[in-house]
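Enquirer: Contents of run-v1.csv (CSV, C-alpha atoms) are given next:
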```csv
chain,number,residue,atom,x,y,z
A,1,MET,CA,-20.2,-0.4,-81.6
A,2,VAL,CA,-23.3,-1.9,-79.9
A,3,ARG,CA,-21.2,-4.5,-78.1
A,4,LEU,CA,-18.9,-1.8,-76.8
A,5,LEU,CA,-21.9,0.2,-75.5
A,6,LEU,CA,-23.3,-2.9,-73.8
A,7,ARG,CA,-20.0,-3.2,-71.9
A,8,VAL,CA,-19.4,0.4,-71.2
A,9,VAL,CA,-22.9,1.5,-70.1
A,10,PRO,CA,-23.3,-1.1,-67.3
A,11,ALA,CA,-19.8,-0.3,-65.9
A,12,PHE,CA,-20.7,3.4,-66.0
A,13,LEU,CA,-24.0,2.8,-64.2
A,14,ILE,CA,-22.2,0.8,-61.5
A,15,LEU,CA,-19.6,3.5,-61.0
A,16,ALA,CA,-22.4,6.2,-60.9
A,17,ALA,CA,-24.3,4.2,-58.3
A,18,ALA,CA,-21.2,3.7,-56.2
A,19,SER,CA,-20.5,7.4,-56.4
A,20,VAL,CA,-24.0,8.3,-55.2
A,21,ALA,CA,-23.8,5.7,-52.4
A,22,ALA,CA,-20.4,7.1,-51.3
A,23,GLN,CA,-21.9,10.6,-51.1
A,24,ALA,CA,-24.9,9.4,-49.1
A,25,GLU,CA,-22.8,8.4,-46.1
A,26,PRO,CA,-20.0,10.1,-44.3
A,27,ARG,CA,-16.8,8.4,-45.5
A,28,LEU,CA,-14.2,8.7,-42.8
A,29,THR,CA,-11.5,6.1,-42.5
A,30,PRO,CA,-10.5,5.0,-39.0
A,31,VAL,CA,-6.8,5.4,-38.2
A,32,PRO,CA,-5.6,1.8,-37.9
A,33,GLU,CA,-3.7,2.4,-34.7
A,34,PRO,CA,-4.5,5.8,-33.1
A,35,ILE,CA,-1.4,7.7,-32.5
A,36,GLU,CA,-0.6,11.1,-30.9
A,37,ALA,CA,-1.4,13.9,-33.4
A,38,PRO,CA,1.7,15.6,-34.7
A,39,ALA,CA,2.6,19.2,-33.7
A,40,LEU,CA,0.6,22.0,-35.2
A,41,ASP,CA,2.7,25.1,-34.4
A,42,VAL,CA,1.5,27.4,-37.1
A,43,PRO,CA,-0.1,30.9,-37.0
A,44,GLU,CA,-3.6,32.0,-37.9
A,45,LEU,CA,-3.7,34.7,-40.6
A,46,ASP,CA,-3.7,37.4,-37.8
A,47,GLY,CA,-0.4,35.9,-36.4
A,48,THR,CA,-2.0,34.0,-33.4
A,49,LEU,CA,0.0,30.8,-33.0
A,50,HIS,CA,-2.1,27.6,-32.7
A,51,ARG,CA,-0.8,24.5,-30.8
A,52,ILE,CA,-2.5,21.1,-30.9
A,53,GLU,CA,-2.4,20.9,-27.1
A,54,ALA,CA,-4.8,23.8,-26.8
A,55,TYR,CA,-7.5,21.6,-28.3
A,56,ARG,CA,-7.4,18.8,-25.7
A,57,GLY,CA,-10.7,17.8,-24.4
A,58,ARG,CA,-12.7,18.4,-27.6
A,59,THR,CA,-12.8,16.9,-31.1
A,60,LEU,CA,-10.6,18.7,-33.5
A,61,ILE,CA,-10.9,18.8,-37.3
A,62,VAL,CA,-7.7,19.7,-39.1
A,63,SER,CA,-8.1,20.1,-42.8
A,64,PHE,CA,-5.1,20.8,-45.1
A,65,TRP,CA,-5.8,22.7,-48.3
A,66,ALA,CA,-4.3,25.0,-51.0
A,67,THR,CA,-5.7,27.7,-53.2
A,68,TRP,CA,-5.0,25.8,-56.4
A,69,CYS,CA,-6.8,22.7,-55.2
A,70,ALA,CA,-10.2,22.4,-56.9
A,71,PRO,CA,-11.7,19.9,-54.4
A,72,CYS,CA,-10.6,22.3,-51.6
A,73,ILE,CA,-12.7,25.0,-53.2
A,74,VAL,CA,-15.7,22.7,-53.1
A,75,GLU,CA,-15.0,21.5,-49.5
A,76,MET,CA,-14.2,24.8,-47.7
A,77,PRO,CA,-17.8,26.1,-47.5
A,78,SER,CA,-19.0,22.9,-45.8
A,79,LEU,CA,-16.2,23.2,-43.3
A,80,ALA,CA,-17.2,26.8,-42.6
A,81,ARG,CA,-20.8,25.8,-42.1
A,82,LEU,CA,-19.7,23.0,-39.8
A,83,ALA,CA,-17.7,25.5,-37.7
A,84,ARG,CA,-20.7,27.8,-37.5
A,85,GLN,CA,-23.1,24.9,-36.6
A,86,VAL,CA,-21.3,23.2,-33.7
A,87,PRO,CA,-20.0,24.8,-30.5
A,88,GLU,CA,-16.3,25.3,-30.6
A,89,ASP,CA,-15.9,23.8,-27.1
A,90,GLU,CA,-17.3,20.5,-28.6
A,91,ILE,CA,-15.7,20.4,-32.1
A,92,ALA,CA,-13.1,22.8,-33.3
A,93,VAL,CA,-12.4,23.2,-37.0
A,94,LEU,CA,-9.0,24.4,-38.4
A,95,ALA,CA,-8.2,24.8,-42.1
A,96,VAL,CA,-4.4,24.8,-42.6
A,97,ASN,CA,-3.1,26.3,-45.9
A,98,LEU,CA,0.0,24.6,-47.1
A,99,GLY,CA,2.6,26.9,-48.8
A,100,ASP,CA,0.5,29.5,-50.6
A,101,ARG,CA,1.5,33.1,-50.6
A,102,ARG,CA,-0.6,35.3,-48.3
A,103,GLU,CA,-1.9,37.3,-51.3
A,104,ARG,CA,-3.2,34.2,-52.9
A,105,ILE,CA,-4.9,33.1,-49.7
A,106,ASP,CA,-6.6,36.5,-49.4
A,107,GLU,CA,-7.9,36.3,-53.0
A,108,PHE,CA,-9.2,32.7,-52.2
A,109,LEU,CA,-10.9,33.8,-49.0
A,110,ALA,CA,-12.6,36.7,-50.8
A,111,ARG,CA,-14.4,34.4,-53.2
A,112,VAL,CA,-15.1,31.3,-51.1
A,113,ASP,CA,-17.3,31.1,-48.0
A,114,THR,CA,-15.0,30.6,-45.0
A,115,ASP,CA,-17.0,32.7,-42.5
A,116,GLY,CA,-16.5,31.3,-39.0
A,117,LEU,CA,-13.6,29.0,-40.1
A,118,THR,CA,-10.2,29.4,-38.4
A,119,ILE,CA,-7.6,29.6,-41.2
A,120,LEU,CA,-4.0,28.7,-40.4
A,121,HIS,CA,-1.0,29.4,-42.7
A,122,ASP,CA,1.9,27.0,-43.0
A,123,ALA,CA,3.9,29.3,-45.3
A,124,GLU,CA,6.9,27.0,-45.4
A,125,ASN,CA,4.9,23.8,-45.8
A,126,THR,CA,6.5,22.3,-42.7
A,127,LEU,CA,3.5,20.2,-41.7
A,128,ALA,CA,3.2,18.1,-44.9
A,129,GLU,CA,5.8,15.5,-43.7
A,130,PRO,CA,4.8,15.0,-40.1
A,131,TRP,CA,1.1,14.9,-41.0
A,132,HIS,CA,1.8,12.6,-43.9
A,133,ILE,CA,0.0,14.8,-46.5
A,134,VAL,CA,-0.1,12.9,-49.8
A,135,GLY,CA,-2.9,14.8,-51.5
A,136,LEU,CA,-5.3,17.6,-50.9
A,137,PRO,CA,-7.6,18.2,-49.3
A,138,VAL,CA,-6.8,15.8,-46.5
A,139,THR,CA,-8.6,16.1,-43.2
A,140,TYR,CA,-7.7,14.5,-39.9
A,141,VAL,CA,-10.1,14.1,-36.9
A,142,VAL,CA,-8.3,14.3,-33.7
A,143,ALA,CA,-10.0,12.8,-30.6
A,144,PRO,CA,-10.3,14.7,-27.4
A,145,ASP,CA,-7.3,12.8,-26.0
A,146,GLY,CA,-5.1,14.2,-28.7
A,147,ARG,CA,-4.8,11.0,-30.8
A,148,LEU,CA,-5.6,10.8,-34.5
A,149,SER,CA,-8.9,9.0,-34.9
A,150,LEU,CA,-10.2,9.4,-38.5
A,151,VAL,CA,-8.9,10.6,-41.8
A,152,ALA,CA,-10.5,11.7,-45.1
A,153,LEU,CA,-8.7,12.2,-48.3
A,154,GLY,CA,-10.7,14.3,-50.8
A,155,ALA,CA,-13.6,16.6,-50.4
A,156,ARG,CA,-16.5,15.9,-48.0
A,157,GLU,CA,-19.7,17.5,-46.9
A,158,TRP,CA,-18.8,18.2,-43.3
A,159,ASP,CA,-22.0,19.9,-42.3
A,160,GLU,CA,-24.3,17.0,-43.2
A,161,GLU,CA,-26.3,15.6,-40.3
A,162,ALA,CA,-24.8,12.1,-40.5
A,163,MET,CA,-21.3,13.6,-40.7
A,164,ILE,CA,-21.8,15.8,-37.6
A,165,ALA,CA,-23.2,12.8,-35.7
A,166,ARG,CA,-20.1,10.8,-36.6
A,167,LEU,CA,-17.8,13.6,-35.5
A,168,ARG,CA,-19.7,13.9,-32.2
A,169,ASP,CA,-19.2,10.1,-31.7
A,170,VAL,CA,-15.4,10.7,-31.7
A,171,GLY,CA,-15.7,12.7,-28.6
A,172,ALA,CA,-17.9,10.1,-26.9
A,173,ILE,CA,-15.6,7.1,-27.4
A,174,ASP,CA,-12.1,6.2,-26.3
A,175,PRO,CA,-10.2,5.5,-29.5
A,176,VAL,CA,-7.6,3.4,-27.7
A,177,THR,CA,-10.0,0.9,-26.1
A,178,SER,CA,-12.9,1.0,-28.5
A,179,PRO,CA,-12.7,-1.3,-31.6
A,180,PRO,CA,-12.2,0.5,-34.9
A,181,GLU,CA,-15.3,0.7,-37.1
A,182,GLN,CA,-15.1,-1.3,-40.3
A,183,ALA,CA,-14.6,0.8,-43.4
A,184,SER,CA,-17.3,0.1,-45.9
A,185,ALA,CA,-16.2,-1.0,-49.4
A,186,HIS,CA,-17.8,1.3,-52.0
```
Could I get this structure in the form of structure tokens?
Expert:
Amino acid sequence: MVRLLLRVVPAFLILAAASVAAQAEPRLTPVPEPIEAPALDVPELDGTLHRIEAYRGRTLIVSFWATWCAPCIVEMPSLARLARQVPEDEIAVLAVNLGDRRERIDEFLARVDTDGLTILHDAENTLAEPWHIVGLPVTYVVAPDGRLSLVALGAREWDEEAMIARLRDVGAIDPVTSPPEQASAH
């Protein structure tokens, strides 16, 4: 039993330290070869249609979520705080629901802080394939030129100072000619 503990405890401590380190820095993965962002022709909850072209000239955060997704529940308030903190003409934040019924979305929004966040509804789940959604939440950062720049799979704290600085950097660089940042191994 003692031998087992001597093996398990150090492994646990290493994993815990890696987890803390991962939370301390904004973990965004550069898109290996920036490509044009896929179409985003879905309505806001009030019916207003949003198109990706309307966001040219500013950094765009597109976060895909669902009401049943526990990490989405954790992440949504930080996306809302980000949307309230940064000028929309600099960084726009969209939260795209994939496939939930409107009633479920309304129940979700009643219990989770989303004030200031633009909520889109992909009722037919048509964006999952062109945006390569393999898990939720997944968030893409679209550069002002309309190309995918960064991606994050899983919940993040979007309103942290270091994260906001990283997002502002996207608008300050040309993703086509600038070398991609090296992803850190944690």
Enquirer: Taking into account all atoms listed in the file, which residue in the set A:Cys72, A:Ile105, A:Ala37, A:Leu60 is nearest to Arg156 of chain A?
Expert: A:Cys72
Enquirer: Could you check which of A:Ala110, A:Leu153, A:Val170, A:Val86 is closest to Gly57 of chain A, using all atoms listed in the file?
Expert: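 Looking only at the distances to Gly57 of chain A, the closest residue turns out to be A:Val170.
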Enquirer: Once you count only C-alpha atoms, what closest atom pair and distance in Å to one decimal does each residue of segment 70-131 of chain A within 7 Å of segment 63-66 of chain A have, with rows by chain and rising residue number, as a tab-separated table?
Expert:
```
residue	atom	partner	partner_atom	distance
A:Cys72	CA	A:Trp65	CA	5.8
A:Leu94	CA	A:Ser63	CA	6.2
A:Ala95	CA	A:Ser63	CA	4.8
A:Val96	CA	A:Phe64	CA	4.8
A:Asn97	CA	A:Trp65	CA	5.1
A:Leu98	CA	A:Ala66	CA	5.8
A:Asp100	CA	A:Ala66	CA	6.6
```
Enquirer: Report, in Å to a single decimal, how far apart atom CA of Met163 of chain A and atom CA of Pro32 of chain A are.
Expert: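 If I compute the distance from atom CA of Pro32 of chain A to atom CA of Met163 of chain A, I get 19.8 Å.
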Enquirer: For Ala80 of chain A, list every protein, DNA or RNA residue within 8 Å, evaluated using only C-alpha atoms, and leave out those in the same chain fewer than 2 positions away; present the list as number ranges by chain.
Expert: A: 76-78, 82-84, 113-117
Enquirer: Do you have the atom CA of Thr139 of chain A-atom CA of Ala92 of chain A distance handy?
Expert: 12.8 Å
Enquirer: Identify which of the residues A:Ile91, A:Ala123, A:Ile133, A:Val112 lies closest to Ala70 of chain A, counting all atoms listed in the file when measuring atom-to-atom distances.
Expert: A:Val112
Enquirer: Take atom CA of Glu33 of chain A and atom CA of Thr59 of chain A and report the distance between them in Å, one decimal.
Expert: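 Going from atom CA of Glu33 of chain A over to atom CA of Thr59 of chain A covers 17.5 Å.
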Enquirer: Using all atoms listed in the file, which of A:Glu129, A:Glu161, A:Glu36, A:Asp106 sits nearest Ile52 of chain A?
Expert: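 Among A:Glu129, A:Glu161, A:Glu36, A:Asp106, it is A:Glu36 that comes nearest to Ile52 of chain A.
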Enquirer: Around all of segment 109-128 of chain A's listed atoms, make the axis-aligned box with 8 Å on each side and tell me centre and edge lengths in Å to one decimal, as lines of an AutoDock Vina configuration file.
Expert:
```
center_x = -5.2
center_y = 27.4
center_z = -45.8
size_x = 40.2
size_y = 34.6
size_z = 30.8
```
Enquirer: Point out the residue among A:Asp169, A:Glu103, A:Asp145, A:Asp159 with the least atom-to-atom distance to Leu45 of chain A, counting all atoms listed in the file.
Expert: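 Among the listed residues, A:Glu103 lies closest to Leu45 of chain A.
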Enquirer: Would you please work out which residue, of A:Glu157, A:Gly171, A:Cys69, A:Leu49, is nearest to Asp89 of chain A when using all atoms listed in the file?
Expert: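 Among the listed residues, A:Gly171 lies closest to Asp89 of chain A.
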Enquirer: Write out as a list in words the residues lying within 7 Å of Glu44 of chain A, counting all atoms listed in the file and excluding same-chain residues fewer than 4 positions away.
Expert: Thr48, Leu49, His50, Ile119, Leu120 and His121 of chain A
Enquirer: Show me as a PyMOL selection string the residues that reach within 6 Å of (-12.0, 8.7, -43.3), counting all atoms listed in the file and using the file's own coordinates.
Expert: chain A and resi 27-30+150-152
Enquirer: What would the list of residues within 6 Å of (-9.6, 16.8, -49.5) (file frame) look like as a PyMOL selection string, if only C-alpha atoms are what count?
Expert: chain A and resi 72+136-138+153-155
